[in-house]
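See below for query-v4.csv, which holds CSV, C-alpha atoms and all ligand atoms.
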chain,number,residue,atom,x,y,z
A,1,MET,CA,20.5,19.7,18.3
A,2,ASN,CA,18.5,18.2,15.4
A,3,LEU,CA,18.1,14.5,15.6
A,4,THR,CA,19.4,12.5,12.6
A,5,SER,CA,18.7,9.0,11.6
A,6,PHE,CA,21.6,6.9,10.1
A,7,SER,CA,20.4,3.9,8.2
A,8,PHE,CA,22.3,1.3,6.0
A,9,PRO,CA,19.7,-1.4,5.8
A,10,THR,CA,20.0,-3.1,2.4
A,11,ARG,CA,21.4,-6.5,2.1
A,12,ILE,CA,23.8,-6.7,-0.9
A,13,LEU,CA,25.1,-9.8,-2.7
A,14,TYR,CA,28.2,-8.9,-4.6
A,15,GLY,CA,30.5,-10.8,-7.0
A,16,ALA,CA,31.0,-12.0,-10.6
A,17,GLY,CA,28.3,-14.5,-11.3
A,18,ALA,CA,26.1,-13.4,-8.3
A,19,ILE,CA,23.1,-13.5,-10.6
A,20,ARG,CA,23.2,-17.3,-10.4
A,21,GLU,CA,22.0,-17.0,-6.8
A,22,ILE,CA,18.7,-15.5,-7.8
A,23,ARG,CA,16.7,-18.6,-7.0
A,24,PRO,CA,18.0,-19.1,-3.5
A,25,VAL,CA,17.5,-15.3,-2.9
A,26,LEU,CA,13.9,-15.5,-4.0
A,27,ASN,CA,13.4,-18.5,-1.8
A,28,LEU,CA,14.8,-16.6,1.1
A,29,LEU,CA,12.2,-13.8,0.5
A,30,GLY,CA,9.4,-16.3,0.0
A,31,VAL,CA,8.9,-15.2,-3.6
A,32,ARG,CA,7.5,-18.0,-5.9
A,33,ARG,CA,6.2,-15.9,-8.8
A,34,PRO,CA,8.4,-12.9,-9.5
A,35,LEU,CA,7.7,-10.3,-12.1
A,36,VAL,CA,10.8,-9.2,-13.9
A,37,VAL,CA,10.6,-5.4,-14.7
A,38,THR,CA,13.0,-4.0,-17.3
A,39,ASP,CA,13.2,-2.0,-20.6
A,40,ALA,CA,12.6,-3.3,-24.1
A,41,GLY,CA,16.3,-3.1,-25.1
A,42,PHE,CA,17.3,-5.4,-22.2
A,43,LYS,CA,15.8,-8.5,-23.7
A,44,ALA,CA,18.5,-8.6,-26.4
A,45,THR,CA,21.4,-8.5,-23.9
A,46,THR,CA,23.5,-11.3,-22.5
A,47,ALA,CA,22.7,-10.0,-19.0
A,48,PHE,CA,19.0,-10.9,-19.7
A,49,ALA,CA,20.1,-14.4,-20.9
A,50,SER,CA,22.0,-14.8,-17.7
A,51,LEU,CA,18.9,-13.9,-15.7
A,52,VAL,CA,16.7,-16.2,-17.6
A,53,SER,CA,19.1,-19.0,-17.2
A,54,ALA,CA,19.3,-18.5,-13.4
A,55,LEU,CA,15.6,-18.2,-13.1
A,56,GLU,CA,15.0,-21.4,-15.0
A,57,GLY,CA,17.3,-23.1,-12.6
A,58,GLU,CA,19.8,-24.2,-15.1
A,59,ALA,CA,22.7,-22.6,-13.3
A,60,THR,CA,21.8,-23.8,-9.8
A,61,GLY,CA,20.2,-27.1,-10.8
A,62,ALA,CA,17.2,-26.0,-8.7
A,63,ALA,CA,14.0,-27.9,-9.6
A,64,PRO,CA,11.4,-25.5,-11.1
A,65,SER,CA,8.4,-27.0,-9.2
A,66,GLY,CA,5.8,-24.5,-8.2
A,67,PHE,CA,8.0,-21.7,-9.5
A,68,GLY,CA,7.1,-19.4,-12.4
A,69,TRP,CA,8.0,-15.9,-13.5
A,70,SER,CA,6.5,-13.2,-15.7
A,71,LEU,CA,8.2,-10.4,-17.7
A,72,HIS,CA,7.3,-6.8,-18.1
A,73,ALA,CA,10.0,-5.4,-20.5
A,74,ASP,CA,8.3,-2.2,-21.4
A,75,VAL,CA,9.8,0.5,-19.2
A,76,HIS,CA,10.8,3.8,-21.0
A,77,ALA,CA,13.8,6.0,-20.1
A,78,ASN,CA,12.9,8.6,-17.5
A,79,PRO,CA,9.8,6.5,-16.6
A,80,ALA,CA,6.4,8.1,-16.5
A,81,GLU,CA,3.3,7.1,-14.5
A,82,ALA,CA,2.1,4.9,-17.4
A,83,ASP,CA,5.3,2.8,-17.1
A,84,VAL,CA,4.5,2.2,-13.4
A,85,ARG,CA,0.8,1.4,-14.2
A,86,GLY,CA,1.9,-1.0,-16.9
A,87,ALA,CA,4.3,-2.9,-14.6
A,88,ALA,CA,1.6,-3.1,-11.9
A,89,ALA,CA,-0.9,-4.5,-14.4
A,90,SER,CA,1.6,-7.2,-15.5
A,91,TYR,CA,2.1,-8.1,-11.8
A,92,VAL,CA,-1.6,-8.6,-11.2
A,93,LYS,CA,-2.0,-10.5,-14.6
A,94,GLY,CA,0.8,-12.8,-13.7
A,95,GLY,CA,-0.4,-13.5,-10.2
A,96,CYS,CA,3.0,-12.4,-9.0
A,97,ASP,CA,4.3,-12.1,-5.4
A,98,GLY,CA,7.4,-10.1,-5.8
A,99,ILE,CA,9.4,-8.0,-8.3
A,100,ILE,CA,12.9,-8.3,-9.8
A,101,ALA,CA,13.8,-4.9,-11.2
A,102,ILE,CA,16.8,-5.2,-13.5
A,103,GLY,CA,18.6,-2.7,-15.8
A,104,GLY,CA,19.5,0.9,-15.5
A,105,GLY,CA,17.9,3.5,-13.2
A,106,SER,CA,14.7,3.7,-15.1
A,107,PRO,CA,13.5,0.0,-14.8
A,108,LEU,CA,14.7,0.1,-11.2
A,109,ASP,CA,12.6,3.2,-10.3
A,110,ALA,CA,9.6,1.8,-12.2
A,111,GLY,CA,9.9,-1.6,-10.5
A,112,LYS,CA,10.1,0.0,-7.1
A,113,ALA,CA,7.1,2.2,-7.7
A,114,ALA,CA,5.0,-0.5,-9.3
A,115,ARG,CA,4.5,-2.0,-5.9
A,116,LEU,CA,2.7,1.2,-4.8
A,117,LEU,CA,0.0,0.6,-7.4
A,118,VAL,CA,-0.1,-3.1,-6.6
A,119,LYS,CA,-1.0,-2.1,-3.1
A,120,ARG,CA,-3.4,0.6,-4.1
A,121,PRO,CA,-4.8,-0.1,-7.6
A,122,GLY,CA,-5.8,3.0,-9.5
A,123,PHE,CA,-3.9,5.3,-7.2
A,124,GLU,CA,-2.6,8.6,-8.7
A,125,LEU,CA,1.0,9.0,-7.8
A,126,ALA,CA,0.5,12.8,-7.5
A,127,HIS,CA,-1.1,12.0,-4.2
A,128,PHE,CA,1.8,9.9,-2.9
A,129,TYR,CA,2.6,12.0,0.1
A,130,ALA,CA,-1.1,12.2,1.2
A,131,GLU,CA,-1.1,8.4,1.7
A,132,PRO,CA,0.1,7.8,5.3
A,133,ASP,CA,0.8,4.1,5.0
A,134,TRP,CA,3.0,2.4,2.4
A,135,SER,CA,4.0,-0.5,4.5
A,136,GLY,CA,3.7,-4.1,3.3
A,137,LEU,CA,4.8,-3.5,-0.3
A,138,ALA,CA,5.7,-6.5,-2.4
A,139,PRO,CA,9.3,-7.6,-1.9
A,140,LEU,CA,11.8,-6.2,-4.4
A,141,VAL,CA,15.1,-7.6,-5.6
A,142,ALA,CA,17.1,-4.8,-7.4
A,143,ILE,CA,19.8,-5.7,-10.0
A,144,PRO,CA,21.6,-2.8,-11.6
A,145,THR,CA,23.2,-3.4,-15.0
A,146,THR,CA,24.8,0.1,-15.1
A,147,ALA,CA,27.1,1.6,-12.5
A,148,GLY,CA,25.6,5.0,-11.9
A,149,THR,CA,22.2,5.8,-10.4
A,150,GLY,CA,22.5,4.0,-7.1
A,151,SER,CA,18.7,3.5,-7.4
A,152,GLU,CA,19.2,-0.1,-6.1
A,153,VAL,CA,19.8,1.2,-2.6
A,154,GLY,CA,17.7,4.3,-2.8
A,155,ARG,CA,14.6,5.0,-0.7
A,156,SER,CA,13.0,6.9,-3.6
A,157,SER,CA,11.7,6.5,-7.1
A,158,VAL,CA,11.8,9.3,-9.7
A,159,ILE,CA,8.7,9.2,-11.8
A,160,THR,CA,7.4,11.8,-14.3
A,161,LEU,CA,3.8,12.5,-13.1
A,162,ASP,CA,0.8,12.6,-15.5
A,163,SER,CA,-0.6,15.7,-13.8
A,164,THR,CA,2.5,17.9,-13.9
A,165,ARG,CA,4.7,16.3,-16.6
A,166,ARG,CA,7.6,16.8,-14.3
A,167,LYS,CA,9.8,14.4,-12.4
A,168,ALA,CA,8.6,13.8,-8.9
A,169,VAL,CA,10.7,12.2,-6.2
A,170,LEU,CA,8.6,9.6,-4.4
A,171,PHE,CA,10.5,9.2,-1.1
A,172,ASN,CA,9.6,6.5,1.4
A,173,PRO,CA,11.9,4.0,3.2
A,174,GLU,CA,9.2,1.3,2.3
A,175,LEU,CA,10.4,1.6,-1.3
A,176,LEU,CA,13.8,0.1,-0.4
A,177,ALA,CA,14.8,-3.2,-2.1
A,178,LYS,CA,14.8,-6.3,0.2
A,179,LEU,CA,18.0,-7.4,-1.5
A,180,VAL,CA,20.4,-6.1,-4.1
A,181,ILE,CA,22.5,-8.2,-6.5
A,182,LEU,CA,25.7,-6.6,-7.8
A,183,ASP,CA,27.1,-8.7,-10.5
A,184,PRO,CA,29.9,-7.1,-12.6
A,185,GLU,CA,29.4,-9.7,-15.3
A,186,LEU,CA,26.0,-8.1,-16.1
A,187,THR,CA,27.7,-4.7,-16.9
A,188,LEU,CA,30.4,-6.0,-19.3
A,189,GLY,CA,28.4,-5.2,-22.4
A,190,LEU,CA,27.8,-1.5,-21.5
A,191,PRO,CA,29.2,0.6,-24.3
A,192,PRO,CA,32.0,3.1,-23.4
A,193,LYS,CA,29.7,6.2,-23.8
A,194,LEU,CA,27.2,4.8,-21.3
A,195,THR,CA,29.9,3.6,-19.0
A,196,ALA,CA,31.3,7.1,-18.9
A,197,ALA,CA,27.9,8.9,-18.5
A,198,THR,CA,26.6,6.6,-15.8
A,199,GLY,CA,30.0,6.7,-14.0
A,200,ALA,CA,29.8,10.5,-14.1
A,201,ASP,CA,26.4,10.3,-12.4
A,202,ALA,CA,27.9,8.2,-9.6
A,203,LEU,CA,30.8,10.7,-9.2
A,204,THR,CA,28.3,13.6,-9.1
A,205,HIS,CA,26.3,11.7,-6.3
A,206,CYS,CA,29.5,11.4,-4.3
A,207,ILE,CA,30.7,15.0,-4.7
A,208,GLU,CA,27.2,16.5,-4.1
A,209,SER,CA,26.4,14.3,-1.1
A,210,PHE,CA,29.8,14.9,0.5
A,211,THR,CA,29.4,18.7,0.3
A,212,CYS,CA,25.8,18.7,1.2
A,213,PRO,CA,25.7,20.3,4.7
A,214,VAL,CA,23.7,17.6,6.5
A,215,PHE,CA,25.6,16.1,9.4
A,216,HIS,CA,26.2,12.5,8.4
A,217,PRO,CA,29.9,11.5,8.8
A,218,MET,CA,29.1,7.9,7.9
A,219,CYS,CA,27.8,8.9,4.4
A,220,ASP,CA,30.7,11.3,4.1
A,221,GLY,CA,33.2,8.5,4.6
A,222,ILE,CA,31.3,6.4,2.0
A,223,SER,CA,31.4,9.2,-0.5
A,224,LEU,CA,35.1,9.7,-0.2
A,225,GLU,CA,36.0,6.1,-0.6
A,226,ALA,CA,33.6,5.8,-3.6
A,227,ILE,CA,35.4,8.7,-5.2
A,228,ARG,CA,38.7,6.9,-4.7
A,229,LEU,CA,37.3,3.8,-6.4
A,230,ILE,CA,35.8,5.8,-9.3
A,231,ALA,CA,39.1,7.7,-9.9
A,232,ASP,CA,40.8,4.4,-10.3
A,233,ALA,CA,38.2,2.2,-11.9
A,234,LEU,CA,36.1,4.4,-14.2
A,235,PRO,CA,38.9,5.2,-16.8
A,236,ARG,CA,39.8,1.5,-16.8
A,237,ALA,CA,36.2,0.3,-17.4
A,238,TYR,CA,35.8,3.0,-20.1
A,239,ARG,CA,38.9,1.9,-21.9
A,240,ASP,CA,38.2,-1.9,-21.5
A,241,GLY,CA,34.6,-2.8,-20.9
A,242,SER,CA,35.5,-6.4,-20.3
A,243,ASN,CA,37.7,-5.7,-17.3
A,244,VAL,CA,35.7,-7.4,-14.5
A,245,ASP,CA,37.7,-5.9,-11.7
A,246,ALA,CA,37.1,-2.3,-13.0
A,247,ARG,CA,33.4,-3.1,-13.6
A,248,GLY,CA,33.1,-4.6,-10.1
A,249,ARG,CA,34.7,-1.6,-8.4
A,250,MET,CA,32.5,0.8,-10.4
A,251,LEU,CA,29.3,-1.2,-9.5
A,252,VAL,CA,30.2,-1.0,-5.8
A,253,ALA,CA,31.2,2.7,-6.0
A,254,ALA,CA,27.9,3.6,-7.7
A,255,THR,CA,26.0,1.7,-5.0
A,256,MET,CA,28.0,3.6,-2.4
A,257,GLY,CA,27.1,6.9,-4.1
A,258,GLY,CA,23.5,5.8,-3.8
A,259,VAL,CA,23.8,5.1,-0.1
A,260,ALA,CA,25.7,8.4,0.4
A,261,PHE,CA,23.1,10.6,-1.2
A,262,GLN,CA,20.5,9.7,1.4
A,263,LYS,CA,22.1,12.9,2.8
A,264,ASP,CA,20.9,14.8,-0.3
A,265,LEU,CA,22.3,16.2,-3.5
A,266,GLY,CA,22.8,19.7,-4.8
A,267,VAL,CA,22.8,22.3,-7.6
A,268,VAL,CA,24.3,20.0,-10.3
A,269,HIS,CA,21.4,17.5,-10.1
A,270,SER,CA,18.9,20.4,-10.2
A,271,LEU,CA,20.5,21.6,-13.4
A,272,ALA,CA,20.6,18.0,-14.8
A,273,HIS,CA,16.9,17.0,-14.2
A,274,PRO,CA,15.3,19.5,-16.6
A,275,LEU,CA,17.9,18.7,-19.2
A,276,SER,CA,16.5,15.2,-19.2
A,277,THR,CA,12.8,16.0,-19.0
A,278,LEU,CA,12.8,19.0,-21.4
A,279,CYS,CA,15.7,18.1,-23.8
A,280,GLY,CA,16.0,14.3,-23.5
A,281,LEU,CA,19.6,14.3,-22.3
A,282,HIS,CA,20.9,11.1,-20.6
A,283,HIS,CA,20.9,11.9,-16.8
A,284,GLY,CA,24.6,11.0,-16.4
A,285,LEU,CA,25.6,13.1,-19.4
A,286,ALA,CA,23.6,16.0,-18.1
A,287,ASN,CA,25.4,15.8,-14.7
A,288,ALA,CA,28.8,15.5,-16.4
A,289,LEU,CA,28.2,18.6,-18.6
A,290,CYS,CA,27.1,20.7,-15.5
A,291,LEU,CA,29.5,19.4,-12.8
A,292,VAL,CA,32.5,21.6,-13.3
A,293,ALA,CA,30.5,24.8,-13.6
A,294,GLY,CA,28.5,23.7,-10.5
A,295,MET,CA,31.7,23.1,-8.5
A,296,ARG,CA,33.2,26.5,-9.5
A,297,PHE,CA,29.9,28.2,-8.4
A,298,CYS,CA,29.9,26.5,-5.0
A,299,SER,CA,33.7,26.9,-4.2
A,300,ALA,CA,33.6,30.6,-5.1
A,301,ARG,CA,31.0,31.0,-2.3
A,302,LYS,CA,32.5,28.5,0.2
A,303,PRO,CA,36.2,28.0,-0.4
A,304,GLY,CA,37.8,24.8,0.7
A,305,ILE,CA,34.8,22.5,0.2
A,306,TYR,CA,36.6,20.3,-2.4
A,307,ARG,CA,39.9,19.8,-0.6
A,308,ARG,CA,39.0,16.3,0.7
A,309,ILE,CA,37.5,15.3,-2.6
A,310,GLY,CA,40.8,16.3,-4.3
A,311,GLU,CA,42.6,14.2,-1.8
A,312,ALA,CA,40.3,11.3,-2.5
A,313,PHE,CA,41.3,11.7,-6.2
A,314,GLY,CA,44.9,11.4,-5.1
A,315,LEU,CA,46.0,15.0,-5.1
A,316,GLY,CA,48.5,16.1,-2.4
A,317,LEU,CA,46.9,19.3,-1.0
A,318,ALA,CA,48.7,19.7,2.3
A,319,GLY,CA,49.9,23.2,2.6
A,320,ALA,CA,47.6,24.5,-0.2
A,321,GLN,CA,45.3,27.4,0.7
A,322,ASP,CA,41.6,26.7,0.4
A,323,PRO,CA,41.0,28.4,-3.0
A,324,GLU,CA,44.0,26.7,-4.5
A,325,ALA,CA,42.8,23.3,-3.2
A,326,ASP,CA,39.5,23.8,-4.8
A,327,THR,CA,41.0,25.0,-8.1
A,328,ARG,CA,43.3,22.1,-8.4
A,329,THR,CA,40.5,19.6,-7.5
A,330,ILE,CA,38.1,21.2,-10.0
A,331,SER,CA,40.8,21.1,-12.7
A,332,LEU,CA,41.4,17.5,-12.0
A,333,VAL,CA,37.7,16.7,-12.3
A,334,ALA,CA,37.5,18.6,-15.6
A,335,GLU,CA,40.5,16.6,-16.9
A,336,PHE,CA,39.0,13.4,-15.6
A,337,LEU,CA,35.7,14.0,-17.5
A,338,ARG,CA,37.6,15.1,-20.7
A,339,GLY,CA,39.4,11.7,-20.6
A,340,LEU,CA,36.0,10.0,-20.6
A,341,GLY,CA,34.8,12.0,-23.6
A,342,LEU,CA,32.5,14.2,-21.4
A,343,ALA,CA,33.8,17.7,-22.1
A,344,SER,CA,31.2,18.8,-24.6
A,345,ARG,CA,28.7,21.7,-24.3
A,346,LEU,CA,24.9,21.6,-24.1
A,347,SER,CA,24.5,23.1,-27.6
A,348,GLU,CA,26.3,20.1,-29.0
A,349,HIS,CA,23.5,17.9,-27.6
A,350,GLY,CA,20.6,19.8,-29.2
A,351,VAL,CA,19.9,22.1,-26.2
A,352,SER,CA,18.8,25.5,-27.6
A,353,PRO,CA,19.4,28.8,-25.8
A,354,ALA,CA,15.7,29.5,-26.5
A,355,ARG,CA,14.9,27.1,-23.7
A,356,LEU,CA,17.0,28.8,-21.0
A,357,ASP,CA,14.1,30.3,-19.1
A,358,GLU,CA,12.1,27.1,-19.1
A,359,LEU,CA,15.1,25.2,-18.0
A,360,ALA,CA,15.9,27.7,-15.2
A,361,ASP,CA,12.3,27.6,-14.0
A,362,GLN,CA,12.3,23.8,-13.7
A,363,ALA,CA,15.7,23.7,-12.1
A,364,PHE,CA,14.6,26.2,-9.5
A,365,ALA,CA,11.5,24.1,-8.8
A,366,ASP,CA,13.7,20.9,-8.4
A,367,PRO,CA,14.0,19.5,-4.9
A,368,CYS,CA,17.8,19.0,-5.0
A,369,HIS,CA,19.3,22.5,-4.8
A,370,PRO,CA,17.7,23.5,-1.4
A,371,SER,CA,20.3,21.0,0.1
A,372,ASN,CA,23.2,22.5,-1.9
A,373,VAL,CA,26.2,23.5,0.1
A,374,VAL,CA,25.4,27.2,-0.7
A,375,PRO,CA,22.1,28.8,-1.5
A,376,VAL,CA,21.1,28.9,-5.2
A,377,THR,CA,18.7,31.4,-6.9
A,378,ARG,CA,16.8,31.0,-10.2
A,379,ASP,CA,19.2,33.6,-11.7
A,380,ASP,CA,22.2,31.5,-10.6
A,381,LEU,CA,20.7,28.5,-12.3
A,382,ARG,CA,20.1,30.4,-15.5
A,383,ALA,CA,23.7,31.8,-15.4
A,384,LEU,CA,25.1,28.3,-14.9
A,385,TYR,CA,23.1,27.0,-17.9
A,386,VAL,CA,24.5,29.9,-20.0
A,387,GLU,CA,28.0,29.0,-18.8
A,388,VAL,CA,27.7,25.4,-20.1
A,389,MET,CA,25.5,26.2,-23.1
B,1,FE,FE,21.9,11.2,-10.4
Kindly transcribe the structure held in the file into structure tokens.
Amino acid sequence: MNLTSFSFPTRILYGAGAIREIRPVLNLLGVRRPLVVTDAGFKATTAFASLVSALEGEATGAAPSGFGWSLHADVHANPAEADVRGAAASYVKGGCDGIIAIGGGSPLDAGKAARLLVKRPGFELAHFYAEPDWSGLAPLVAIPTTAGTGSEVGRSSVITLDSTRRKAVLFNPELLAKLVILDPELTLGLPPKLTAATGADALTHCIESFTCPVFHPMCDGISLEAIRLIADALPRAYRDGSNVDARGRMLVAATMGGVAFQKDLGVVHSLAHPLSTLCGLHHGLANALCLVAGMRFCSARKPGIYRRIGEAFGLGLAGAQDPEADTRTISLVAEFLRGLGLASRLSEHGVSPARLDELADQAFADPCHPSNVVPVTRDDLRALYVEVM
């Protein structure tokens, strides 16, 4: 029997207004000079104003003595090595002793990885796995303002490397945040399109991690409960962005998806990654456009894999044969995505058939599909792209 490690180590502070606890949280971690890492657009948001207010001590009445913070608001979508270097340089310049990564998946991943270059200045991330010791990284507080990537509880950081111009998954448990703040008030301003796309990413994490054949019943339970939450809350958050209850449930569900995919992911994420790096599609949108085709592909080769997912969505599948359970579940997922405005084709988002081979090559080189529920070849990936083109 293979030995498996089960680990759910991240402390999470959840609730509307939780951002106002940032100063006590930093105190607890011994951080006196945090660097806030985010993207340029974030500075104009009310979520940023809430963070500034909490850091300045207005909300808690905390005295600002000996405390100061710096800002690095320059992280790009799908962050590259330059984004990580920039954040590390800001950290050194500000004399910082910890990082607050706040925003969507990109600032969270860049903030996580910046600590690597703080520890080893000038290091090339392409050699990440050759470095045996990443212990003692600067403490990180992760604050997601979208409900999707689950990066806040992830052990990895996805960075496009200088040397290969491809996304690399830098995996090491040392990258984990020391504490996560989940505050639904910070997500109220997310527009419906982004709410839908990021939510579809969270849903894809849950579906792919649940069907991934690694033995991890604890993550499986978390995936199914997160699917139940998403089925209820995502349409509500999409229709009414100011619904704090729906936003809160989505935030927790996305974090649960992030916890669950420590198991691994599958073919849909391998299809989605090149669509972002080569064609600039939003990661959640890319997943949404490939999810149904990916599910049909997997269930045709392993009938019955989606029965419990359908049940988590609320379908009554007792007595249904395996193929019928899959078909009904996949139809429901397709209808669910259509209701979120996510039923379009790749060609409607500027993806040209001329790029099919390039996309298939990158998808086949992607690290997600080897853990898919059934084996996937390059030809399979190309055929799946054609199906959703
Ligand atoms: Fe994802």
Legend entry - A:Ala130 surroundings by all atoms listed in the file, 12 Å radius, close-in-sequence under 6 positions cut, as an MDAnalysis selection string: chainID A and resid 123:124 170
Inset, instruction - Name all residues at most 7 Å from A:Arg23 (count only C-alpha atoms; drop same-chain ones fewer than 4 positions away) and give them as a PyMOL selection string. - result: chain A and resi 27+54-55
Inset, instruction - Could I get the residue neighbourhood of ligand FE 1 (chain B) at 7 Å, counting all atoms listed in the file, as a list in words? - result: Thr149, Asp201, Ala202, Thr204, His205, His269, His283 and Gly284 of chain A
Legend entry - Option closest in space to A:Leu182, from A:Val292, A:Val214, A:Ile19, A:Leu26 [counting all atoms listed in the file]: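 When distances to A:Leu182 are compared using all atoms listed in the file, the smallest one comes from A:Ile19.
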Inset, instruction - Would you list the contacts of A:Thr46 as a list in words, taking every protein, DNA or RNA residue within 10 Å and counting only C-alpha atoms, but skipping same-chain residues closer than 6 positions in sequence? - result: Val52, Glu185, Leu186, Thr187, Leu188 and Gly189 of chain A
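Contact shell of A:Ala320 at 12 Å (only C-alpha atoms; same-chain neighbours under 3 positions omitted): Pro303, Gly304, Tyr306, Arg307, Arg308, Gly310, Glu311, Leu315, Gly316, Leu317, Pro323, Glu324, Ala325, Asp326, Thr327, Arg328 and Thr329 of chain A.
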Report as a Markdown table the residues of stretch 253-313 of chain A within 12 Å of stretch 218-242 of chain A, each with its shortest atom pair and distance in Å (one decimal), using only C-alpha atoms, ordered by chain and increasing residue number.
| residue | atom | partner | partner_atom | distance |
| --- | --- | --- | --- | --- |
| A:Ala253 | CA | A:Ala226 | CA | 4.6 |
| A:Ala254 | CA | A:Ala226 | CA | 7.4 |
| A:Thr255 | CA | A:Ala226 | CA | 8.7 |
| A:Met256 | CA | A:Ala226 | CA | 6.1 |
| A:Gly257 | CA | A:Ser223 | CA | 6.1 |
| A:Gly258 | CA | A:Ser223 | CA | 9.2 |
| A:Val259 | CA | A:Cys219 | CA | 7.1 |
| A:Ala260 | CA | A:Cys219 | CA | 4.5 |
| A:Phe261 | CA | A:Cys219 | CA | 7.5 |
| A:Gln262 | CA | A:Cys219 | CA | 7.9 |
| A:Lys263 | CA | A:Cys219 | CA | 7.1 |
| A:Asp264 | CA | A:Cys219 | CA | 10.2 |
| A:Leu265 | CA | A:Ser223 | CA | 11.9 |
| A:Tyr306 | CA | A:Leu224 | CA | 10.9 |
| A:Arg307 | CA | A:Leu224 | CA | 11.2 |
| A:Arg308 | CA | A:Leu224 | CA | 7.7 |
| A:Ile309 | CA | A:Leu224 | CA | 6.5 |
| A:Gly310 | CA | A:Ile227 | CA | 9.4 |
| A:Glu311 | CA | A:Arg228 | CA | 8.8 |
| A:Ala312 | CA | A:Arg228 | CA | 5.2 |
| A:Phe313 | CA | A:Arg228 | CA | 5.7 |
